[in-house]
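This report concerns only the one structure given below.
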There are 2 protein chains.
Amino acid sequence: MLPGVGVFGTGSTARVLVPLLKAEGFEVHALWGRSEEEACCLAKELGIPFHTSRSDDVLLHQDVDLVCIYIPPSMTRQIAVKALGIGKNVVCEKAATAVDSFKMVTAARYYPQLLSIMGNTLRFLPAFVAMRQLLVEGYVGEMQVCDVRVYGPSLLDQSYGWTCEELMGGGGLHTVGSAIIDLLSYLTSARAQRVHGLLRTFVQQNGLIRGIRRVTSDDFCFFQMLMGGAGSSSSGVCCTVTLNFNMPGSFVHEVMIVGSTGRLVARGTELYGQRNGSTGEELLLGDSGWVGPEVKDMPLPHLQGLSSMVKALRQSFQAHEERRLWARGPVAIAPTFEDGLYVQTVVEAVKRSSCSGEWECVEIMSQEPDPNHNLCEALQRNKN
Amino acid sequence: MLPGVGVFGTGSTARVLVPLLKAEGFEVHALWGRSEEEACCLAKELGIPFHTSRSDDVLLHQDVDLVCIYIPPSMTRQIAVKALGIGKNVVCEKAATAVDSFKMVTAARYYPQLLSIMGNTLRFLPAFVAMRQLLVEGYVGEMQVCDVRVYGPSLLDQSYGWTCEELMGGGGLHTVGSAIIDLLSYLTSARAQRVHGLLRTFVQQNGLIRGIRRVTSDDFCFFQMLMGGAGSSSSGVCCTVTLNFNMPGSFVHEVMIVGSTGRLVARGTELYGQRNGSTGEELLLGDSGWVGPEVKDMPLPHLQGLSSMVKALRQSFQAHEERRLWARGPVAIAPTFEDGLYVQTVVEAVKRSSCSGEWECVEIMSQEPDPNHNLCEALQRNKN
């Protein structure tokens with residue numbers, strides 16, 4: 001039986017998500033918005049019976065068993081952790097910092113019976129599911145290089161807000177790069193060991209953001225990841241990612257994996273492949289013909305990925321009679337909160353690298369940093 | 001009046017160059033090959049009256065006024081410097097090291113009346129000539145990012161040779177990357193100040209190179225250049241270059257420049273553009289339809305670039321009655337030996353960066369390094 005859903009957020013993703021949920025048979029009972037007005041407006045538009053600007057009203061809502069959190073990164077941790085504590089299943093977007101992500105991991109570990117997945121949606125896109133399957137089957141031989149590029153128009157909101165602020169989780173690296181980082185670890189079954197990156201903010205002011213206000217989030221980002229770990233190869237796979245959001249009027253989303261005997265390329269939602277020795281590319285998975293809503297701000301791969309994730313959620317919950325219970329199988333490929341922490345750690349390492357100019361190691365936090373650490377050290381020193 | 005030409009080299013470039021020279025009215029009087037047999041064979045094939053394996057025989061040939069040097073990088077400096085010393089005009093490919101390039105610069109400075117240009121041929125390709133013109137005219141606004149990718153099959157020769165050896169000037173960075181480095185300085189009117197790179201040799205052995213032999217030259221290279229200098233912008237243009245020669249059966253040659261108000265992309269020999277605010281790309285320069293010889297090993301942009309360079313050479317020499325004299329105008333865009341030194345310096349900085357993992361400064365040699373430097377220092381220390 002499908003659980004009742006509460007949605008946090010009134011942005012473009014929330015606006016798409018609700019119809020997708022409804023189409024799969026979920027009932028959306030409650031909507032949270034930062035202001036009463038925003039919540040009211042969108043609830044009316046989408047036909048959601050209850051709306052609020054107080055998070056507890058959704059979290060404690062008796063018909064809500066699944067909480068979908070699509071809000072600014074800096075607010076995500078608080079809601080996600082609280083939702084788990086109240087006993088709700090959680091699907092949420094990335095947090096703003098690794099410390100926040102770590103707190104979410106701790107909560108998820110504490111409630112293993114609850115669903116807790118990251119809403120990074122590229123893993124569910126059929127092209128990437130097929131790509132991974134072909135990689136496992138050895139289509140490209142030994143993986144050598146992943147080359148990703150995403151080009152598009154500005155990610156900034158119409159008005160000044162978190163998207164403009166690097167520290168609030170804005171910028172191409174945090175917003176789009178994190179979905180790519182997650183995807184590449186899914187496709188290669190490996191994790192970045194060392195990263196190098198370069199971030200730029202070419203457009204610091206525009207017609208809407210001016211005066212004393214400046215954009216600090218990146219609109220161009222370029223990073224490399226040397227993968228290691230689970231894989232067999234010692235030299236590891238090199239990943240290069242180019243993100244450029246100074247290209248209005250275009251949308252390029254290309255993920256290429258080159259190996260010793262062939263290569264696979266996902267362009268948008270389509271998958272192509274070429275084995276060494278063949279004369280041309282073959283279309284392995286064509287565009288399925290998107291019939292859902294067209295969304296101006298949301299690229300088709302993300303939109304279709306989101307749609308596939310909602311389908312997987314439906315299958316997961318349908319497997320059980322009790323509306324809070326779910327089956328692991330259909331959502332097994334979804335990124336966990338642990339994956340979210342990994343992604344956030346890579347994002348921060350790339351940012352560090354852009355400042356230091358050096359390769360930075362990706363070291364996953366295993367313990368929450370003690371806020372009193374510096375104080376303790378000072379006391380220690382005084383004692384001696 | 002057109003000068004008589006002597007050609008050094010029997011590789012694929014020399015094989016294409018001779019017909020191109022003849023088509024423009026140049027007479028090719030002499031051909032040099034590393035072995036008598038290679039020289040004889042190609043001379044017969046191309047109808048060149050004289051062939052030899054002794055370089056002086058070409059350099060001192062009385063009908064030869066222009067020497068074209070397309071031989072392995074490690075041999076280039078010696079022939080080029082000697083040719084200038086004998087009073088011949090020189091077109092040549094890159095040398096193997098910055099020290100060699102510096103010696104060539106010194107010779108070129110010593111004989112300013114002689115033509116001395118690098119045979120990096122991409123500058124002459126009509127698409128890049130048009131691209132530069134549009135950049136100067138402000139098509140893209142302020143330049144932000146250059147993004148270059150070249151994908152293709154292995155660059156290795158059929159048998160073990162210099163192409164396999166990094167120290168001999170083999171590898172994607174040295175062979176193809178140097179043409180891109182030169183092109184980007186031409187397009188942006190700026191030079192790399194700092195570079196970062198990563199080189200890999202994924203295929204160290206193959207069916208033909210095995211046993212104790214290993215390939216040391218890179219088949220994957222990825223580098224970034226931060227440009228500075230002549231330009232006005234303080235933050236500078238970021239260039240990212242991806243070279244991958246593990247992709248048999250494909251050829252991608254794409255140079256994209258993104259600026260504040262639009263972008264230009266050269267794909268192969270065609271030029272496309274899109275201004276911010278327009279809905280799609282416009283074709284700015286189509287494929288002219290190549291009617292010259294098809295060459296298996298040589299990508300079309302290089303082939304057409306070579307052809308355009310030969311045309312420019314013809315115009316340059318036609319301007320004068322005396323067959324040794326030439327006009328600067330038609331070959332003004334050609335890379336000089338100084339440009340060659342710059343390119344070689346960047347190549348070496350990228351290699352250093354790949355080892356150190358750090359950003360490396362591009363410092364152009366202004367003085368030949370003293371081979372006795374270490375010895376002198378040791379003596380100095382002993383004295384104290």
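If you're wondering about the labels, chains in the structure tokens are A, B, ... by order shown, residues count from 1 in each chain, ligands from 1 in order shown.
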Could you pull the residues within 10 Å of Glu38 in chain B, counting only C-alpha atoms, minus those fewer than 2 positions along the same chain, as a PyMOL selection string?
chain B and resi 9-11+32-36+40-43+51-53
Select, as an MDAnalysis selection string, those residues of chain A with any atom no more than 8 Å from chain B (distances computed using only C-alpha atoms).
chainID A and resid 144 202 246:250 258:260 262:263 276:280 357:359
From B:Leu306, B:Thr269, B:Ser101, B:Gln367, residue lying nearest Glu348 in chain B [only C-alpha atoms]:
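Among B:Leu306, B:Thr269, B:Ser101, B:Gln367, it is B:Ser101 that comes nearest to Glu348 in chain B.
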Pick from B:Trp290, B:Phe223, B:Tyr186, B:Tyr151 nearest to Glu254 in chain B, counting only C-alpha atoms:
B:Tyr151
Which of range 154-372 of chain A counts as helix (DSSP H, G or I) under DSSP, as a PyMOL selection string please?
chain A and resi 162-164+166-168+172-188+300-318+329-331+337-356
Return the single residue from A:Phe337, A:Ser316, A:Arg213, A:Ala179 that is closest to Val81 in chain A, with distances computed using only C-alpha atoms.
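Comparing A:Phe337, A:Ser316, A:Arg213, A:Ala179 against Val81 in chain A, the winner is A:Phe337.
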Please return, as a VMD selection string, all residues of range 57-151 of chain A that DSSP assigns to strand (DSSP E or B) on the basis of the backbone.
chain A and resid 66 to 69 89 to 92 116 to 118 143 to 151
Could you name the residues that touch range 57-63 of chain A at 12 Å or less, counting only C-alpha atoms, but leaving out those on the same chain fewer than 6 positions away, as a PyMOL selection string?
chain A and resi 2-9+26-33+39+49-51+69+78-90+323-324
Convert the current residue selection to file output with C-alpha atoms, as an mmCIF file, in the first residue's frame.
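The result, written out as result.cif:
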data_model
loop_
_atom_site.group_PDB
_atom_site.id
_atom_site.type_symbol
_atom_site.label_atom_id
_atom_site.label_comp_id
_atom_site.auth_asym_id
_atom_site.auth_seq_id
_atom_site.Cartn_x
_atom_site.Cartn_y
_atom_site.Cartn_z
ATOM 1 C CA LEU A 2 1.325 3.426 -0.907
ATOM 2 C CA PRO A 3 2.259 5.829 1.882
ATOM 3 C CA GLY A 4 0.913 9.330 2.198
ATOM 4 C CA VAL A 5 3.425 11.935 1.154
ATOM 5 C CA GLY A 6 4.472 15.275 2.551
ATOM 6 C CA VAL A 7 6.527 17.538 0.316
ATOM 7 C CA PHE A 8 8.968 20.185 1.481
ATOM 8 C CA GLY A 9 9.732 22.877 -1.024
ATOM 9 C CA PHE A 26 0.748 8.464 -4.210
ATOM 10 C CA GLU A 27 -1.430 10.826 -2.268
ATOM 11 C CA VAL A 28 0.251 14.083 -1.399
ATOM 12 C CA HIS A 29 -1.276 15.257 1.845
ATOM 13 C CA ALA A 30 0.826 18.209 2.874
ATOM 14 C CA LEU A 31 3.087 20.866 1.426
ATOM 15 C CA TRP A 32 5.593 23.003 3.275
ATOM 16 C CA GLY A 33 6.831 26.342 1.976
ATOM 17 C CA ALA A 39 2.924 27.273 0.319
ATOM 18 C CA PRO A 49 -5.224 19.668 0.810
ATOM 19 C CA PHE A 50 -2.877 20.969 3.504
ATOM 20 C CA HIS A 51 -0.129 23.592 3.436
ATOM 21 C CA ILE A 69 12.606 17.264 0.896
ATOM 22 C CA GLN A 78 17.507 19.775 9.952
ATOM 23 C CA ILE A 79 14.301 18.550 8.319
ATOM 24 C CA ALA A 80 15.729 15.201 7.200
ATOM 25 C CA VAL A 81 17.129 14.291 10.600
ATOM 26 C CA LYS A 82 13.965 15.345 12.362
ATOM 27 C CA ALA A 83 11.773 13.387 9.933
ATOM 28 C CA LEU A 84 13.721 10.194 10.585
ATOM 29 C CA GLY A 85 13.504 10.822 14.317
ATOM 30 C CA ILE A 86 9.711 11.042 14.042
ATOM 31 C CA GLY A 87 9.712 7.776 12.107
ATOM 32 C CA LYS A 88 9.055 8.972 8.568
ATOM 33 C CA ASN A 89 10.646 7.674 5.400
ATOM 34 C CA VAL A 90 12.801 10.295 3.706
ATOM 35 C CA ARG A 323 1.813 1.671 4.184
ATOM 36 C CA ARG A 324 5.019 2.499 6.042
#
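A straight line drawn from CA of Arg352 in chain A to CA of Leu243 in chain A is 17.3 Å long.
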Could you list, as a list in words, every residue within 6 Å of Gly119 in chain B, counting only C-alpha atoms and ignoring same-chain residues fewer than 6 positions away?
Val91, Cys92 and Glu93 of chain B
Output file for the selection above: N, CA and C atoms, as a PDB file, in the first residue's frame:
ATOM      1  N   VAL B  91      60.676  25.901 -43.166  1.00  0.00           N
ATOM      2  CA  VAL B  91      59.394  25.572 -42.540  1.00  0.00           C
ATOM      3  C   VAL B  91      59.621  24.255 -41.825  1.00  0.00           C
ATOM      4  N   CYS B  92      59.338  24.194 -40.518  1.00  0.00           N
ATOM      5  CA  CYS B  92      59.632  22.928 -39.852  1.00  0.00           C
ATOM      6  C   CYS B  92      58.646  22.595 -38.760  1.00  0.00           C
ATOM      7  N   GLU B  93      58.656  21.346 -38.379  1.00  0.00           N
ATOM      8  CA  GLU B  93      57.815  20.870 -37.284  1.00  0.00           C
ATOM      9  C   GLU B  93      58.532  21.124 -35.962  1.00  0.00           C
TER      10      GLU B  93
END
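Using only C-alpha atoms, the residues found no farther than 7 Å from Ala349 in chain A, other than those of its own chain fewer than 6 positions away, are Val195, Glu360, Cys361 and Val362 of chain A.
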Nearest to Pro73 in chain B: which of B:Met168, B:Cys239, B:Leu135, B:Leu156 is it, counting only C-alpha atoms?
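Among the listed residues, B:Met168 lies closest to Pro73 in chain B.
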In Å to one decimal, how far is CA of Ile364 in chain A from CA of Tyr342 in chain A?
6.3 Å
